[in-house]
file my_file-v9.pdb (PDB, C-alpha atoms, pLDDT in the B column)
MODEL        1
ATOM      1  CA  MET L   1       2.297  46.892 -82.132  1.00 53.00           C
ATOM      2  CA  ARG L   2      -0.858  48.997 -82.300  1.00 52.00           C
ATOM      3  CA  ALA L   3      -1.728  48.166 -78.699  1.00 50.00           C
ATOM      4  CA  THR L   4       1.786  49.104 -77.543  1.00 47.00           C
ATOM      5  CA  ILE L   5       1.729  52.403 -79.410  1.00 45.00           C
ATOM      6  CA  ALA L   6      -1.718  53.173 -78.056  1.00 48.00           C
ATOM      7  CA  PHE L   7      -0.455  52.567 -74.494  1.00 46.00           C
ATOM      8  CA  LEU L   8       3.017  54.076 -74.906  1.00 48.00           C
ATOM      9  CA  ALA L   9       0.161  56.094 -75.525  1.00 43.00           C
ATOM     10  CA  VAL L  10      -9.214  71.468 -83.259  1.00 30.00           C
ATOM     11  CA  CYS L  11     -11.431  73.420 -84.426  1.00 30.00           C
ATOM     12  CA  ALA L  12     -12.873  74.479 -81.091  1.00 30.00           C
ATOM     13  CA  VAL L  13     -16.619  74.349 -80.590  1.00 33.00           C
ATOM     14  CA  PRO L  14     -17.799  76.547 -77.698  1.00 33.00           C
ATOM     15  CA  GLY L  15     -18.978  74.726 -74.594  1.00 34.00           C
ATOM     16  CA  ALA L  16     -22.547  75.862 -74.175  1.00 35.00           C
ATOM     17  CA  LEU L  17     -23.342  74.339 -70.791  1.00 38.00           C
ATOM     18  CA  THR L  18     -24.479  76.899 -68.258  1.00 40.00           C
ATOM     19  CA  GLY L  19     -21.811  77.586 -65.633  1.00 52.00           C
ATOM     20  CA  ALA L  20     -19.111  75.614 -67.441  1.00 68.00           C
ATOM     21  CA  GLU L  21     -15.948  77.112 -68.857  1.00 86.00           C
ATOM     22  CA  THR L  22     -15.708  77.499 -72.612  1.00 92.00           C
ATOM     23  CA  VAL L  23     -13.336  75.381 -74.669  1.00 94.00           C
ATOM     24  CA  GLN L  24     -11.245  78.468 -75.286  1.00 94.00           C
ATOM     25  CA  ALA L  25     -10.874  79.168 -71.552  1.00 94.00           C
ATOM     26  CA  VAL L  26      -9.775  75.605 -70.741  1.00 95.00           C
ATOM     27  CA  LEU L  27      -7.303  75.451 -73.628  1.00 94.00           C
ATOM     28  CA  ALA L  28      -5.896  78.845 -72.646  1.00 94.00           C
ATOM     29  CA  ARG L  29      -5.219  77.461 -69.157  1.00 93.00           C
ATOM     30  CA  MET L  30      -3.471  74.462 -70.731  1.00 93.00           C
ATOM     31  CA  ASP L  31      -1.420  76.860 -72.886  1.00 93.00           C
ATOM     32  CA  ARG L  32      -0.196  78.702 -69.815  1.00 93.00           C
ATOM     33  CA  GLU L  33       0.890  75.508 -68.092  1.00 93.00           C
ATOM     34  CA  ALA L  34       2.503  74.115 -71.260  1.00 90.00           C
ATOM     35  CA  ALA L  35       4.744  77.187 -71.481  1.00 91.00           C
ATOM     36  CA  SER L  36       6.563  76.212 -68.263  1.00 92.00           C
ATOM     37  CA  PHE L  37       6.071  72.417 -68.363  1.00 92.00           C
ATOM     38  CA  ASN L  38       9.287  70.382 -68.161  1.00 93.00           C
ATOM     39  CA  GLN L  39       8.873  67.432 -65.783  1.00 95.00           C
ATOM     40  CA  LEU L  40       6.108  65.375 -64.238  1.00 95.00           C
ATOM     41  CA  THR L  41       5.832  62.383 -61.951  1.00 97.00           C
ATOM     42  CA  ALA L  42       2.591  60.678 -60.989  1.00 96.00           C
ATOM     43  CA  LYS L  43       0.980  57.483 -59.811  1.00 97.00           C
ATOM     44  CA  LEU L  44      -1.566  55.966 -62.141  1.00 95.00           C
ATOM     45  CA  LYS L  45      -4.355  53.438 -62.286  1.00 96.00           C
ATOM     46  CA  ARG L  46      -5.372  52.061 -65.669  1.00 95.00           C
ATOM     47  CA  VAL L  47      -8.723  50.352 -66.259  1.00 97.00           C
ATOM     48  CA  THR L  48      -9.233  48.454 -69.520  1.00 96.00           C
ATOM     49  CA  TYR L  49     -12.653  47.365 -70.760  1.00 98.00           C
ATOM     50  CA  THR L  50     -12.986  44.736 -73.522  1.00 97.00           C
ATOM     51  CA  ALA L  51     -16.555  44.784 -74.794  1.00 97.00           C
ATOM     52  CA  ILE L  52     -16.642  41.445 -76.641  1.00 97.00           C
ATOM     53  CA  LEU L  53     -15.691  39.677 -73.393  1.00 97.00           C
ATOM     54  CA  ASN L  54     -17.564  42.091 -71.139  1.00 97.00           C
ATOM     55  CA  ASP L  55     -14.333  42.119 -69.141  1.00 98.00           C
ATOM     56  CA  THR L  56     -12.825  44.879 -67.024  1.00 98.00           C
ATOM     57  CA  SER L  57      -9.256  44.679 -65.755  1.00 96.00           C
ATOM     58  CA  SER L  58      -7.112  47.157 -63.870  1.00 96.00           C
ATOM     59  CA  GLU L  59      -3.465  47.760 -63.049  1.00 96.00           C
ATOM     60  CA  SER L  60      -1.461  50.374 -61.191  1.00 97.00           C
ATOM     61  CA  GLY L  61       1.923  51.991 -61.509  1.00 97.00           C
ATOM     62  CA  ALA L  62       3.750  55.263 -61.974  1.00 97.00           C
ATOM     63  CA  ILE L  63       5.229  57.467 -64.695  1.00 95.00           C
ATOM     64  CA  TRP L  64       8.178  59.858 -64.994  1.00 96.00           C
ATOM     65  CA  LEU L  65       7.906  62.319 -67.879  1.00 94.00           C
ATOM     66  CA  LYS L  66      10.292  64.977 -69.178  1.00 93.00           C
ATOM     67  CA  ARG L  67       9.319  67.251 -72.035  1.00 86.00           C
ATOM     68  CA  ALA L  68      11.243  70.079 -73.703  1.00 79.00           C
ATOM     69  CA  GLY L  69       9.441  71.189 -76.843  1.00 69.00           C
ATOM     70  CA  ALA L  70       9.349  68.229 -79.221  1.00 71.00           C
ATOM     71  CA  LYS L  71      11.965  66.306 -77.197  1.00 81.00           C
ATOM     72  CA  ILE L  72      10.326  63.797 -74.890  1.00 85.00           C
ATOM     73  CA  GLU L  73      11.643  61.170 -72.512  1.00 90.00           C
ATOM     74  CA  MET L  74       9.421  58.960 -70.392  1.00 91.00           C
ATOM     75  CA  ARG L  75       9.642  55.969 -68.104  1.00 94.00           C
ATOM     76  CA  GLY L  76       6.790  54.001 -66.589  1.00 94.00           C
ATOM     77  CA  GLU L  77       6.321  51.054 -64.250  1.00 96.00           C
ATOM     78  CA  ILE L  78       3.367  48.716 -63.817  1.00 95.00           C
ATOM     79  CA  ILE L  79       3.281  46.711 -60.585  1.00 95.00           C
ATOM     80  CA  GLY L  80       1.528  43.453 -59.715  1.00 91.00           C
ATOM     81  CA  ASP L  81       1.347  39.989 -61.281  1.00 89.00           C
ATOM     82  CA  ASP L  82       1.964  41.362 -64.766  1.00 91.00           C
ATOM     83  CA  ALA L  83       4.771  43.697 -63.688  1.00 95.00           C
ATOM     84  CA  ARG L  84       6.599  45.464 -66.495  1.00 95.00           C
ATOM     85  CA  SER L  85       8.381  48.687 -67.297  1.00 95.00           C
ATOM     86  CA  PHE L  86       8.260  50.818 -70.401  1.00 93.00           C
ATOM     87  CA  GLY L  87      10.277  53.635 -71.842  1.00 91.00           C
ATOM     88  CA  PHE L  88       9.992  56.145 -74.640  1.00 88.00           C
ATOM     89  CA  ARG L  89      12.793  58.250 -76.066  1.00 85.00           C
ATOM     90  CA  GLU L  90      13.010  59.901 -79.480  1.00 80.00           C
ATOM     91  CA  ASN L  91      11.632  57.306 -81.939  1.00 82.00           C
ATOM     92  CA  GLU L  92      12.225  54.209 -79.830  1.00 87.00           C
ATOM     93  CA  GLY L  93       9.783  52.513 -77.480  1.00 88.00           C
ATOM     94  CA  GLN L  94      10.721  49.751 -75.025  1.00 92.00           C
ATOM     95  CA  MET L  95       8.628  47.288 -73.023  1.00 93.00           C
ATOM     96  CA  PHE L  96      10.554  45.324 -70.380  1.00 96.00           C
ATOM     97  CA  TYR L  97       9.175  42.133 -68.801  1.00 95.00           C
ATOM     98  CA  PRO L  98      11.337  41.360 -65.734  1.00 95.00           C
ATOM     99  CA  LYS L  99       9.966  37.845 -65.145  1.00 93.00           C
ATOM    100  CA  MET L 100      11.042  36.831 -68.667  1.00 94.00           C
ATOM    101  CA  LYS L 101      14.163  39.027 -68.603  1.00 94.00           C
ATOM    102  CA  THR L 102      13.105  40.277 -72.026  1.00 96.00           C
ATOM    103  CA  VAL L 103      12.700  43.722 -73.523  1.00 96.00           C
ATOM    104  CA  GLN L 104      10.698  44.382 -76.667  1.00 93.00           C
ATOM    105  CA  ILE L 105      12.105  47.263 -78.708  1.00 92.00           C
ATOM    106  CA  PHE L 106       9.966  49.150 -81.213  1.00 88.00           C
ATOM    107  CA  ASP L 107      10.966  51.612 -83.888  1.00 86.00           C
ATOM    108  CA  LEU L 108       7.976  53.930 -83.714  1.00 79.00           C
ATOM    109  CA  GLY L 109       8.864  55.782 -86.886  1.00 76.00           C
ATOM    110  CA  LYS L 110       5.841  57.548 -88.346  1.00 59.00           C
ATOM    111  CA  ALA L 111       3.744  56.315 -85.404  1.00 62.00           C
ATOM    112  CA  ARG L 112       5.691  58.676 -83.119  1.00 62.00           C
ATOM    113  CA  SER L 113       2.968  61.298 -83.533  1.00 59.00           C
ATOM    114  CA  LEU L 114       0.358  58.836 -82.226  1.00 59.00           C
ATOM    115  CA  VAL L 115       2.396  58.275 -79.076  1.00 62.00           C
ATOM    116  CA  ASP L 116       2.721  62.013 -78.527  1.00 59.00           C
ATOM    117  CA  GLN L 117      -0.974  62.637 -79.009  1.00 57.00           C
ATOM    118  CA  PHE L 118      -2.381  59.711 -77.023  1.00 59.00           C
ATOM    119  CA  LEU L 119       0.025  58.792 -74.237  1.00 61.00           C
ATOM    120  CA  LEU L 120       1.138  62.348 -73.545  1.00 69.00           C
ATOM    121  CA  LEU L 121      -2.085  64.152 -74.344  1.00 85.00           C
ATOM    122  CA  GLY L 122      -2.642  66.976 -71.882  1.00 88.00           C
ATOM    123  CA  PHE L 123       0.797  66.861 -70.274  1.00 90.00           C
ATOM    124  CA  GLY L 124       2.624  69.825 -71.750  1.00 87.00           C
ATOM    125  CA  SER L 125       0.243  69.859 -74.720  1.00 84.00           C
ATOM    126  CA  SER L 126      -0.620  73.335 -75.910  1.00 85.00           C
ATOM    127  CA  GLY L 127      -4.149  74.373 -76.768  1.00 87.00           C
ATOM    128  CA  LYS L 128      -2.976  75.039 -80.323  1.00 85.00           C
ATOM    129  CA  ASP L 129      -1.699  71.460 -80.685  1.00 85.00           C
ATOM    130  CA  ILE L 130      -4.981  70.073 -79.400  1.00 90.00           C
ATOM    131  CA  GLN L 131      -7.020  72.297 -81.709  1.00 90.00           C
ATOM    132  CA  LYS L 132      -4.906  71.165 -84.648  1.00 89.00           C
ATOM    133  CA  ASN L 133      -5.648  67.486 -84.131  1.00 88.00           C
ATOM    134  CA  TYR L 134      -9.058  67.320 -82.457  1.00 93.00           C
ATOM    135  CA  THR L 135     -12.540  68.766 -82.498  1.00 96.00           C
ATOM    136  CA  VAL L 136     -13.144  69.758 -78.881  1.00 96.00           C
ATOM    137  CA  THR L 137     -16.289  70.288 -76.824  1.00 96.00           C
ATOM    138  CA  VAL L 138     -16.913  70.904 -73.129  1.00 96.00           C
ATOM    139  CA  ALA L 139     -19.047  68.190 -71.523  1.00 94.00           C
ATOM    140  CA  GLY L 140     -19.491  69.925 -68.167  1.00 93.00           C
ATOM    141  CA  GLU L 141     -18.053  69.967 -64.660  1.00 94.00           C
ATOM    142  CA  GLU L 142     -17.358  66.797 -62.658  1.00 95.00           C
ATOM    143  CA  ALA L 143     -15.694  65.987 -59.351  1.00 95.00           C
ATOM    144  CA  ILE L 144     -12.795  63.532 -59.630  1.00 94.00           C
ATOM    145  CA  GLY L 145     -11.327  62.403 -56.326  1.00 89.00           C
ATOM    146  CA  GLY L 146     -12.945  65.360 -54.612  1.00 90.00           C
ATOM    147  CA  GLN L 147     -11.400  67.790 -57.103  1.00 93.00           C
ATOM    148  CA  LYS L 148     -13.545  69.973 -59.361  1.00 95.00           C
ATOM    149  CA  THR L 149     -12.751  69.452 -63.038  1.00 97.00           C
ATOM    150  CA  ILE L 150     -13.955  70.290 -66.524  1.00 96.00           C
ATOM    151  CA  ARG L 151     -14.443  67.308 -68.842  1.00 97.00           C
ATOM    152  CA  LEU L 152     -13.349  67.853 -72.428  1.00 96.00           C
ATOM    153  CA  GLU L 153     -14.395  65.532 -75.260  1.00 97.00           C
ATOM    154  CA  LEU L 154     -11.952  65.313 -78.160  1.00 96.00           C
ATOM    155  CA  ILE L 155     -12.725  63.754 -81.553  1.00 96.00           C
ATOM    156  CA  PRO L 156      -9.614  62.983 -83.648  1.00 92.00           C
ATOM    157  CA  LYS L 157      -9.594  64.653 -87.045  1.00 93.00           C
ATOM    158  CA  SER L 158      -7.185  62.171 -88.614  1.00 88.00           C
ATOM    159  CA  LYS L 159      -8.576  58.925 -90.053  1.00 88.00           C
ATOM    160  CA  GLN L 160      -5.368  57.194 -88.979  1.00 82.00           C
ATOM    161  CA  MET L 161      -5.946  58.294 -85.405  1.00 84.00           C
ATOM    162  CA  GLN L 162      -9.613  57.248 -85.558  1.00 89.00           C
ATOM    163  CA  GLU L 163      -8.498  53.686 -86.319  1.00 89.00           C
ATOM    164  CA  GLN L 164      -6.909  53.644 -82.863  1.00 86.00           C
ATOM    165  CA  ILE L 165      -9.080  56.012 -80.806  1.00 91.00           C
ATOM    166  CA  THR L 166     -12.594  57.239 -81.612  1.00 95.00           C
ATOM    167  CA  GLN L 167     -12.756  59.782 -78.777  1.00 96.00           C
ATOM    168  CA  VAL L 168     -10.591  61.068 -75.924  1.00 95.00           C
ATOM    169  CA  GLN L 169     -11.999  62.514 -72.724  1.00 97.00           C
ATOM    170  CA  LEU L 170      -9.855  64.689 -70.448  1.00 96.00           C
ATOM    171  CA  TRP L 171     -10.739  65.832 -66.947  1.00 97.00           C
ATOM    172  CA  ILE L 172      -8.898  69.138 -66.332  1.00 96.00           C
ATOM    173  CA  PRO L 173      -8.931  70.700 -62.811  1.00 96.00           C
ATOM    174  CA  LEU L 174     -10.386  74.182 -62.571  1.00 95.00           C
ATOM    175  CA  ASP L 175      -7.081  75.463 -61.172  1.00 93.00           C
ATOM    176  CA  ALA L 176      -4.633  73.582 -63.442  1.00 94.00           C
ATOM    177  CA  GLY L 177      -3.834  72.823 -67.076  1.00 94.00           C
ATOM    178  CA  HIS L 178      -3.212  69.059 -67.033  1.00 94.00           C
ATOM    179  CA  PRO L 179      -5.572  66.075 -66.795  1.00 95.00           C
ATOM    180  CA  VAL L 180      -6.202  64.109 -63.625  1.00 96.00           C
ATOM    181  CA  GLN L 181      -8.075  61.510 -65.663  1.00 96.00           C
ATOM    182  CA  GLN L 182      -8.071  60.398 -69.299  1.00 96.00           C
ATOM    183  CA  LYS L 183     -10.441  58.070 -71.135  1.00 96.00           C
ATOM    184  CA  PHE L 184      -9.568  56.646 -74.540  1.00 95.00           C
ATOM    185  CA  LEU L 185     -12.597  55.250 -76.362  1.00 96.00           C
ATOM    186  CA  LYS L 186     -11.662  52.684 -78.997  1.00 95.00           C
ATOM    187  CA  PRO L 187     -13.515  50.977 -81.857  1.00 95.00           C
ATOM    188  CA  ARG L 188     -16.011  48.233 -80.934  1.00 95.00           C
ATOM    189  CA  ASP L 189     -16.892  49.900 -77.601  1.00 96.00           C
ATOM    190  CA  ASN L 190     -13.562  49.160 -75.922  1.00 97.00           C
ATOM    191  CA  TYR L 191     -11.839  51.766 -73.753  1.00 97.00           C
ATOM    192  CA  ASP L 192      -8.923  52.575 -71.452  1.00 95.00           C
ATOM    193  CA  LEU L 193      -9.420  54.811 -68.415  1.00 96.00           C
ATOM    194  CA  VAL L 194      -6.318  56.269 -66.744  1.00 95.00           C
ATOM    195  CA  VAL L 195      -6.553  58.015 -63.363  1.00 96.00           C
ATOM    196  CA  TYR L 196      -3.582  60.018 -62.055  1.00 96.00           C
ATOM    197  CA  SER L 197      -2.734  60.851 -58.443  1.00 96.00           C
ATOM    198  CA  ASP L 198       0.147  62.394 -56.501  1.00 96.00           C
ATOM    199  CA  ILE L 199       0.970  64.550 -59.534  1.00 96.00           C
ATOM    200  CA  ASN L 200       4.194  66.557 -59.196  1.00 96.00           C
ATOM    201  CA  LEU L 201       4.772  68.982 -62.066  1.00 94.00           C
ATOM    202  CA  HIS L 202       8.283  70.137 -61.182  1.00 92.00           C
ATOM    203  CA  PRO L 203      10.108  67.401 -59.264  1.00 94.00           C
ATOM    204  CA  GLY L 204      13.573  68.623 -60.328  1.00 95.00           C
ATOM    205  CA  LEU L 205      14.875  65.129 -61.119  1.00 96.00           C
ATOM    206  CA  PRO L 206      18.045  64.281 -63.093  1.00 95.00           C
ATOM    207  CA  ASP L 207      17.734  63.068 -66.696  1.00 92.00           C
ATOM    208  CA  SER L 208      18.449  59.494 -65.621  1.00 93.00           C
ATOM    209  CA  ALA L 209      15.141  59.341 -63.727  1.00 95.00           C
ATOM    210  CA  PHE L 210      13.238  59.430 -67.018  1.00 94.00           C
ATOM    211  CA  ARG L 211      15.165  56.668 -68.766  1.00 93.00           C
ATOM    212  CA  LEU L 212      14.480  52.953 -68.614  1.00 93.00           C
ATOM    213  CA  VAL L 213      17.555  51.187 -67.230  1.00 91.00           C
ATOM    214  CA  LEU L 214      17.823  47.505 -68.125  1.00 93.00           C
ATOM    215  CA  PRO L 215      19.727  44.914 -66.080  1.00 92.00           C
ATOM    216  CA  ALA L 216      22.621  42.971 -67.569  1.00 93.00           C
ATOM    217  CA  GLY L 217      21.791  39.866 -69.577  1.00 93.00           C
ATOM    218  CA  VAL L 218      18.384  41.018 -70.820  1.00 95.00           C
ATOM    219  CA  GLU L 219      17.232  39.457 -74.092  1.00 96.00           C
ATOM    220  CA  ARG L 220      16.387  42.090 -76.704  1.00 95.00           C
ATOM    221  CA  VAL L 221      13.515  41.286 -79.051  1.00 94.00           C
ATOM    222  CA  TYR L 222      12.501  43.319 -82.098  1.00 92.00           C
ATOM    223  CA  PRO L 223       8.869  42.336 -82.922  1.00 89.00           C
ATOM    224  CA  GLN L 224       8.833  44.402 -86.119  1.00 84.00           C
ATOM    225  CA  LYS L 225      11.648  42.376 -87.704  1.00 81.00           C
TER     226      LYS L 225
ENDMDL
END
call {"tool": "encode", "arguments": {"input": "my_file-v9.pdb", "output": "structure tokens"}}
result
Amino acid sequence: MRATIAFLAVCAVPGALTGAETVQAVLARMDREAASFNQLTAKLKRVTYTAILNDTSSESGAIWLKRAGAKIEMRGEIIGDDARSFGFRENEGQMFYPKMKTVQIFDLGKARSLVDQFLLLGFGSSGKDIQKNYTVTVAGEEAIGGQKTIRLELIPKSKQMQEQITQVQLWIPLDAGHPVQQKFLKPRDNYDLVVYSDINLHPGLPDSAFRLVLPAGVERVYPQK
């Protein structure tokens, strides 16, 4: 359950590096984009490192995200040998495994805030929201896929959040207010790295594009029961 939520998944300190933007400047840019944010589509690559096994694995897919204030709908697809789809709407999360014709359904309940803050962090997130939940510093400028970015380091303030994620790193382009890369550092030196490409902020898609549609005859499983 924790792993699913993490996937389905500030008191600002000035950035003092010479030539780098301040935390306030980056968050202000994110505020401006959040004000008009409503839809996003993107391809993604997710790299997972498990320290105890010294193992690195990767997978690719795509996401469709719609956000209107606190109302969020999202659909995602992972391709390859472990193909699966996932969806998030209101307080319900779904993970569909087509080879097994099974969907796991989760009542996220109080964990809804963790999904919002981890999975959706930086996409429509306002600077005020980030400052409320994280201590933020600027780590400097880096090029990601040939694009100049500012890397932010976020430390969760909540002990509950720290049990899942010890630090989040966001790479924000100098001319945009959303991440092109996220890194979620976990306890025991584990981490997830998510790289986004082909980002479209305003695709103008119908509501149905953001909802997970299940084929007939799918077995529904409720792991929490």
call {"tool": "closest_residue", "arguments": {"input": "my_file-v9.pdb", "among": "L:Pro98, L:Gly93, L:Gly122, L:Pro156", "to": "Tyr222 of chain L", "atoms": "only C-alpha atoms"}}
result
L:Gly93
call {"tool": "residues_around", "arguments": {"input": "my_file-v9.pdb", "residues": "Gln167 of chain L", "least_positions_apart": "5", "cutoff": "6 Å", "atoms": "only C-alpha atoms", "output": "list in words"}}
result
Leu154, Ile155 and Leu185 of chain L
call {"tool": "closest_residue", "arguments": {"input": "my_file-v9.pdb", "among": "L:Gly177, L:Pro203, L:Gly140, L:Gly217", "to": "Ser126 of chain L", "atoms": "only C-alpha atoms"}}
result
L:Gly177
call {"tool": "closest_atom_pairs", "arguments": {"input": "my_file-v9.pdb", "of": "segment 100-201 of chain L", "to": "segment 49-61 of chain L", "cutoff": "7 Å", "atoms": "all atoms listed in the file", "output": "Markdown table"}}
result
| residue | atom | partner | partner_atom | distance |
| --- | --- | --- | --- | --- |
| L:Asp189 | CA | L:Ala51 | CA | 5.8 |
| L:Asn190 | CA | L:Thr50 | CA | 5.1 |
| L:Tyr191 | CA | L:Tyr49 | CA | 5.4 |
| L:Asp192 | CA | L:Tyr49 | CA | 6.4 |
call {"tool": "resolve_selection", "arguments": {"input": "my_file-v9.pdb", "expression": "the PyMOL selection byres ((chain L and resi 147) around 10)", "output": "list of chain:residue names"}}
result
L:Glu142, L:Ala143, L:Ile144, L:Gly145, L:Gly146, L:Lys148, L:Thr149, L:Ile172, L:Pro173, L:Leu174, L:Asp175, L:Val180
call {"tool": "resolve_selection", "arguments": {"input": "my_file-v9.pdb", "expression": "the PyMOL selection byres ((chain L and resi 157) around 8)", "output": "ChimeraX atom specification"}}
result
/L:10,133-135,155-156,158-159,161-162
call {"tool": "resolve_selection", "arguments": {"input": "my_file-v9.pdb", "expression": "the PyMOL selection byres ((chain L and resi 207) around 12)", "output": "MDAnalysis selection string"}}
result
chainID L and resid 38:39 64:68 72:75 89 203:206 208:213
call {"tool": "closest_residue", "arguments": {"input": "my_file-v9.pdb", "among": "L:Ala62, L:Ile79, L:Tyr97, L:Glu33", "to": "Tyr196 of chain L", "atoms": "all atoms listed in the file"}}
result
L:Ala62
call {"tool": "residues_around", "arguments": {"input": "my_file-v9.pdb", "residues": "Ala42 of chain L", "least_positions_apart": "4", "cutoff": "6 Å", "atoms": "only C-alpha atoms", "output": "short mmCIF file (atom, residue, chain, number, x, y, z; two decimals) with C-alpha atoms, keeping the file's coordinate frame"}}
result
data_model
loop_
_atom_site.label_atom_id
_atom_site.label_comp_id
_atom_site.auth_asym_id
_atom_site.auth_seq_id
_atom_site.Cartn_x
_atom_site.Cartn_y
_atom_site.Cartn_z
CA ALA L 62 3.75 55.26 -61.97
CA ILE L 63 5.23 57.47 -64.69
CA SER L 197 -2.73 60.85 -58.44
CA ASP L 198 0.15 62.39 -56.50
CA ILE L 199 0.97 64.55 -59.53
#
call {"tool": "residues_around", "arguments": {"input": "my_file-v9.pdb", "residues": "Asp107 of chain L", "least_positions_apart": "4", "cutoff": "8 Å", "atoms": "all atoms listed in the file", "output": "list in words"}}
result
Asn91, Glu92, Gly93 and Gln224 of chain L
